[in-house]
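One structure is given below, encoded as structure tokens.
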Amino acid sequence: MGHPGSAGLGVSLSDVGVQMAQMSGLRGIMEDIGVATTAAPGRRWLNLGVGNPAVIPEVAEWWQRLAAESLRDSFVDTSCRYGPSRGLPRLVDAIVDYFNRRYSWNIEPDSVVIGPGSQMLCFIAAAMFTGPSGTRSDSASGATRDTTVLMPLTPDYTGYQGLALTAGGVQGVEPLLHLEGDRSFRYVLDAAAARGRTDAGMLLVSSPSNPTGHRLDAEATGELLEIAHALDIPLLIDQAYGDPFPSIAITPTDPLRDSHVINSFSLSKAGMPGERLGFLVADERFVTPIVSFLANVTLHAPQSIQAMLARALETHEIDSVVASSITPFYRERRALVEKMLVQALPSGIAWRLHASEGGMFVWLWVDEEWFDDVVLYELLKSRGLFVVPGRHFFAAGSRLGRHSRQCVRISMTPDVDDLRTGIEMIAQAVVDLDPASVAGRHR
Ligand code: PLP
């Protein structure tokens, strides 16, 4: 007999097994997309829900050239031999040199760890710094208690919700909602609420964020740093969309070097998601246990992609590719997608877009009582289009009432023609869902 959480697999799972066998809400949607498209293979499907970065031809060609050069020069050393768990020494040195020069940091190799994707590194950090048997004692009783991964500003990346090895191990803080003009809004950190979460073992935030594009400003960063220092816990800032690469924030922000900040970087949105490479930069006391964990679970990250990144950093070619191709691509895309949405969405309905601050997505909020993100998802699916319902990005503890069912994530990376058609379809579906549309009030 399987454990209740074994989903009928006929296998007995441990508590950790039950937890890790769960499928997050977003994975359920991805599965649903797979099932729907496989069931109707001849049908033309549009997918504005994808999390893939755009394939920008000149960027893909540049990575391909680096791959060819790396394979030619270092295939035997990188692919035919095991290497150190911290990462390929050449890449560790290149990272140290790059960040010290570019941001006037003073880091040493023991501040760096390279892993197979930033998702894995975030998972390891969560397992290392949060959960049961923490050393945090309750001041009143002296008893130790479980600590959580705290997402201080939700909605945030759904991938974080699978990071805890125990149920309830990932929590979110509800943000404040600031309306801006007629059609824009912004989530703002509720610093007082975040400060009250003394169960936090690690703060985790993406900036610019997936899904909203929200970027941590200096004030919010300062507040989070204060909390991290007061509790003596790490603040993991996930720069998957940030600087120095892929640099798809509207206003670039230098990564922050601080005794309590773990900086997470990824190569995925710079065009190489399939190669799985990310790295962390933080104080040695955080990095060293992560290196050991990595050694235990996977020995080390694949090495030929590490050699490629080392080349890209040593030559600084990555900076020119980012500046000439990646940053402008996403800046133009955002302007285009927002313009299309503004033109297409019905003027008589209360919709707003999250302030444009960066990232790969546009976050639409339909502030109407009757609007439901999953109902919209189902309607659009029946018409051959996928978007991502927003509710999955709100973690436990941060549901924000009806607002969390009124948002949709739209990806900016599909072809422009698909975006145009898809956005028209979204606008039409919103009109069709509006009970007042029958009376011909809109459009
Ligand atoms: N962090 C954020 C905010 C993301 O959106 C994603 C992927 O979509 C990841 C991390 C995963 O990055 P990686 O491919 O480096 O594991």
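By order in the structure tokens, chains are A, B, ...; within a chain, residues start at 1; ligands start at 1, following the order shown.
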Would you write out, as a Markdown table, a table of all residues in chain A that have an atom no more than 9 Å from an atom of ligand 1, listing for each the closest atom pair and the distance in Å to one decimal, considering only C-alpha atoms and all ligand atoms and ordering rows by chain and rising residue number?
```
| residue | atom | partner | partner_atom_place_in_ligand_line | distance |
| --- | --- | --- | --- | --- |
| A:Gly51 | CA | ligand 1 | 8 (O) | 5.7 |
| A:Asn52 | CA | ligand 1 | 8 (O) | 7.2 |
| A:Pro53 | CA | ligand 1 | 8 (O) | 8.5 |
| A:Gly115 | CA | ligand 1 | 15 (O) | 8.8 |
| A:Pro116 | CA | ligand 1 | 16 (O) | 7.3 |
| A:Gly117 | CA | ligand 1 | 16 (O) | 3.7 |
| A:Ser118 | CA | ligand 1 | 15 (O) | 3.7 |
| A:Gln119 | CA | ligand 1 | 16 (O) | 3.7 |
| A:Met120 | CA | ligand 1 | 16 (O) | 6.3 |
| A:Leu121 | CA | ligand 1 | 16 (O) | 7.9 |
| A:Cys122 | CA | ligand 1 | 10 (C) | 8.1 |
| A:Asp156 | CA | ligand 1 | 3 (C) | 7.5 |
| A:Tyr157 | CA | ligand 1 | 3 (C) | 5.2 |
| A:Thr158 | CA | ligand 1 | 5 (O) | 8.1 |
| A:Gly159 | CA | ligand 1 | 9 (C) | 7.0 |
| A:Tyr160 | CA | ligand 1 | 1 (N) | 8.0 |
| A:Val205 | CA | ligand 1 | 3 (C) | 8.0 |
| A:Ser206 | CA | ligand 1 | 3 (C) | 5.1 |
| A:Ser207 | CA | ligand 1 | 3 (C) | 7.4 |
| A:Pro208 | CA | ligand 1 | 3 (C) | 7.8 |
| A:Ser209 | CA | ligand 1 | 3 (C) | 5.9 |
| A:Asn210 | CA | ligand 1 | 3 (C) | 5.0 |
| A:Pro211 | CA | ligand 1 | 5 (O) | 7.5 |
| A:Asp238 | CA | ligand 1 | 1 (N) | 5.9 |
| A:Gln239 | CA | ligand 1 | 3 (C) | 7.1 |
| A:Ala240 | CA | ligand 1 | 1 (N) | 5.1 |
| A:Tyr241 | CA | ligand 1 | 3 (C) | 7.0 |
| A:Ser264 | CA | ligand 1 | 1 (N) | 8.5 |
| A:Phe265 | CA | ligand 1 | 15 (O) | 7.2 |
| A:Ser266 | CA | ligand 1 | 15 (O) | 4.4 |
| A:Leu267 | CA | ligand 1 | 15 (O) | 6.2 |
| A:Ser268 | CA | ligand 1 | 14 (O) | 4.8 |
| A:Lys269 | CA | ligand 1 | 14 (O) | 7.5 |
| A:Met272 | CA | ligand 1 | 14 (O) | 8.2 |
| A:Pro273 | CA | ligand 1 | 14 (O) | 5.2 |
| A:Gly274 | CA | ligand 1 | 14 (O) | 7.7 |
| A:Glu275 | CA | ligand 1 | 14 (O) | 8.4 |
| A:Arg276 | CA | ligand 1 | 14 (O) | 5.8 |
| A:Leu277 | CA | ligand 1 | 15 (O) | 5.9 |
| A:Gly278 | CA | ligand 1 | 15 (O) | 5.1 |
| A:Phe279 | CA | ligand 1 | 15 (O) | 8.4 |
| A:Gly359 | CA | ligand 1 | 5 (O) | 8.6 |
| A:Met360 | CA | ligand 1 | 5 (O) | 8.6 |
```
Save out the residues we just selected, N, CA and C atoms, as a CSV table (one decimal), in the first residue's frame.
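Wrote it out as part30.csv, contents follow:
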```
chain,number,residue,atom,x,y,z
A,51,GLY,N,7.6,29.5,-20.1
A,51,GLY,CA,8.7,30.1,-19.2
A,51,GLY,C,10.0,30.1,-19.9
A,52,ASN,N,10.0,29.7,-21.2
A,52,ASN,CA,11.3,29.7,-21.9
A,52,ASN,C,11.8,31.1,-22.3
A,53,PRO,N,13.1,31.3,-22.2
A,53,PRO,CA,13.5,32.6,-22.8
A,53,PRO,C,13.4,32.6,-24.3
A,115,GLY,N,26.5,25.5,-9.7
A,115,GLY,CA,25.6,24.3,-9.6
A,115,GLY,C,24.9,24.1,-10.9
A,116,PRO,N,24.2,22.9,-11.0
A,116,PRO,CA,23.4,22.6,-12.2
A,116,PRO,C,22.1,23.4,-12.2
A,117,GLY,N,22.2,24.7,-12.5
A,117,GLY,CA,21.0,25.5,-12.5
A,117,GLY,C,20.8,26.2,-11.1
A,118,SER,N,20.2,27.4,-11.2
A,118,SER,CA,20.0,28.1,-9.9
A,118,SER,C,18.8,27.5,-9.1
A,119,GLN,N,17.9,26.8,-9.8
A,119,GLN,CA,16.8,26.1,-9.1
A,119,GLN,C,17.4,25.2,-8.0
A,120,MET,N,18.4,24.4,-8.5
A,120,MET,CA,19.0,23.4,-7.6
A,120,MET,C,19.8,24.1,-6.4
A,121,LEU,N,20.4,25.2,-6.8
A,121,LEU,CA,21.2,25.9,-5.7
A,121,LEU,C,20.2,26.5,-4.7
A,122,CYS,N,19.1,27.0,-5.2
A,122,CYS,CA,18.1,27.6,-4.2
A,122,CYS,C,17.5,26.4,-3.4
A,156,ASP,N,5.5,35.5,-6.3
A,156,ASP,CA,6.9,35.3,-6.7
A,156,ASP,C,6.9,33.9,-7.4
A,157,TYR,N,8.1,33.6,-7.9
A,157,TYR,CA,8.4,32.4,-8.7
A,157,TYR,C,7.8,31.1,-8.1
A,158,THR,N,6.9,30.4,-8.9
A,158,THR,CA,6.3,29.2,-8.3
A,158,THR,C,7.3,28.1,-8.0
A,159,GLY,N,8.4,28.1,-8.7
A,159,GLY,CA,9.5,27.1,-8.4
A,159,GLY,C,9.9,27.2,-7.0
A,160,TYR,N,9.7,28.3,-6.3
A,160,TYR,CA,10.1,28.3,-4.9
A,160,TYR,C,9.2,27.5,-4.0
A,205,VAL,N,13.8,36.0,-2.7
A,205,VAL,CA,13.0,36.9,-3.6
A,205,VAL,C,13.7,37.0,-4.9
A,206,SER,N,12.9,37.0,-6.0
A,206,SER,CA,13.5,37.2,-7.3
A,206,SER,C,13.3,38.7,-7.7
A,207,SER,N,14.4,39.2,-8.3
A,207,SER,CA,14.4,40.6,-8.7
A,207,SER,C,15.2,40.8,-9.9
A,208,PRO,N,14.6,41.2,-11.1
A,208,PRO,CA,13.2,41.4,-11.3
A,208,PRO,C,12.5,40.1,-11.2
A,209,SER,N,11.2,40.2,-10.8
A,209,SER,CA,10.5,39.0,-10.4
A,209,SER,C,9.8,38.3,-11.6
A,210,ASN,N,9.8,37.0,-11.5
A,210,ASN,CA,8.9,36.1,-12.2
A,210,ASN,C,7.7,35.8,-11.2
A,211,PRO,N,6.5,36.3,-11.4
A,211,PRO,CA,5.9,36.6,-12.7
A,211,PRO,C,5.7,38.1,-12.9
A,238,ASP,N,17.5,36.3,-6.0
A,238,ASP,CA,17.6,35.5,-7.2
A,238,ASP,C,17.6,36.5,-8.4
A,239,GLN,N,18.7,36.5,-9.1
A,239,GLN,CA,18.9,37.5,-10.2
A,239,GLN,C,18.8,36.8,-11.6
A,240,ALA,N,17.9,35.8,-11.6
A,240,ALA,CA,17.7,35.1,-12.9
A,240,ALA,C,17.4,36.0,-14.1
A,241,TYR,N,16.8,37.2,-13.8
A,241,TYR,CA,16.5,38.1,-14.9
A,241,TYR,C,17.3,39.4,-14.7
A,264,SER,N,22.1,34.9,-6.3
A,264,SER,CA,22.0,33.8,-7.2
A,264,SER,C,22.0,34.3,-8.6
A,265,PHE,N,22.8,33.7,-9.5
A,265,PHE,CA,22.8,34.0,-10.9
A,265,PHE,C,22.6,32.8,-11.7
A,266,SER,N,22.0,33.0,-12.9
A,266,SER,CA,21.7,31.9,-13.8
A,266,SER,C,22.1,32.2,-15.2
A,267,LEU,N,22.4,31.2,-16.0
A,267,LEU,CA,22.7,31.4,-17.4
A,267,LEU,C,21.4,31.2,-18.2
A,268,SER,N,20.3,30.7,-17.6
A,268,SER,CA,19.2,30.3,-18.4
A,268,SER,C,18.6,31.4,-19.2
A,269,LYS,N,18.3,32.5,-18.6
A,269,LYS,CA,17.6,33.6,-19.4
A,269,LYS,C,18.6,34.3,-20.3
A,272,MET,N,20.6,29.9,-22.3
A,272,MET,CA,21.1,28.5,-22.2
A,272,MET,C,20.3,27.7,-21.1
A,273,PRO,N,19.0,27.7,-21.1
A,273,PRO,CA,18.3,27.0,-20.0
A,273,PRO,C,18.5,25.5,-20.0
A,274,GLY,N,18.7,25.0,-21.2
A,274,GLY,CA,18.8,23.5,-21.3
A,274,GLY,C,20.2,23.0,-20.8
A,275,GLU,N,21.1,23.9,-20.6
A,275,GLU,CA,22.5,23.4,-20.2
A,275,GLU,C,22.6,23.4,-18.6
A,276,ARG,N,21.6,24.0,-17.9
A,276,ARG,CA,21.5,23.9,-16.5
A,276,ARG,C,22.8,24.5,-15.8
A,277,LEU,N,23.0,25.8,-15.8
A,277,LEU,CA,24.1,26.3,-15.0
A,277,LEU,C,23.7,27.6,-14.3
A,278,GLY,N,24.1,27.6,-13.0
A,278,GLY,CA,23.8,28.7,-12.2
A,278,GLY,C,25.0,28.8,-11.1
A,279,PHE,N,25.1,29.9,-10.4
A,279,PHE,CA,26.1,30.0,-9.4
A,279,PHE,C,25.6,31.0,-8.3
A,359,GLY,N,12.1,41.7,-16.4
A,359,GLY,CA,11.7,40.3,-16.5
A,359,GLY,C,11.1,39.9,-17.9
A,360,MET,N,10.6,38.7,-17.9
A,360,MET,CA,10.2,38.2,-19.2
A,360,MET,C,8.7,38.1,-19.4
```
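If you count only C-alpha atoms and ignore residues fewer than 2 places along the chain from Ser304 in chain A, what sits within 6 Å of it is Thr78, Gln306 and Ala307 of chain A.
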Review point. For Ser382 in chain A, which of A:Ala194, A:Met23, A:Val50, A:Ile33 is the closest residue, counting only C-alpha atoms?
Key: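 That would be A:Ile33, the residue with the smallest distance to Ser382 in chain A.
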Point to revise | Nearest candidate to Val113 in chain A (options A:Val337, A:Leu13, A:Ile262, A:Val387; using only C-alpha atoms) | key: A:Ile262
**Study point:** Test item: residues at most 10 Å from Pro244 in chain A, only C-alpha atoms, excluding those fewer than 6 positions along its chain, as a ChimeraX atom specification
**Key:** /A:98-99,102-103,252-255,265,318-319,322-323
**Study point:** d(CA of Arg86 in chain A, CA of Ser259 in chain A) in Å
**Key:**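 Result for CA of Arg86 in chain A versus CA of Ser259 in chain A: 19.6 Å, one decimal.
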Review point. Which polymer residues have any atom within 12 Å of an atom of Thr37 in chain A, counting only C-alpha atoms, with same-chain residues fewer than 2 positions away left out, as an MDAnalysis selection string?
Key: chainID A and resid 30:35 39:47 381:382 384:386
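When the distance limit is 9 Å and only C-alpha atoms are what count, the residues near range 59-72 of chain A, minus those fewer than 4 positions from it on the same chain, are Val55, Val76, Thr78, Ser79, Ala270, Gly271, Met272, Ser304, Ile305, Ala307, Met308, Leu309, Arg311, Ala312, Val321, Val322, Ser325 and Ile326 of chain A.
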Exercise for review: Record the distance separating CA of Ser292 in chain A and CA of Gly162 in chain A, expressed in Å with one decimal.
Suggested key: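 One can read the CA of Ser292 in chain A to CA of Gly162 in chain A distance as 21.4 Å.
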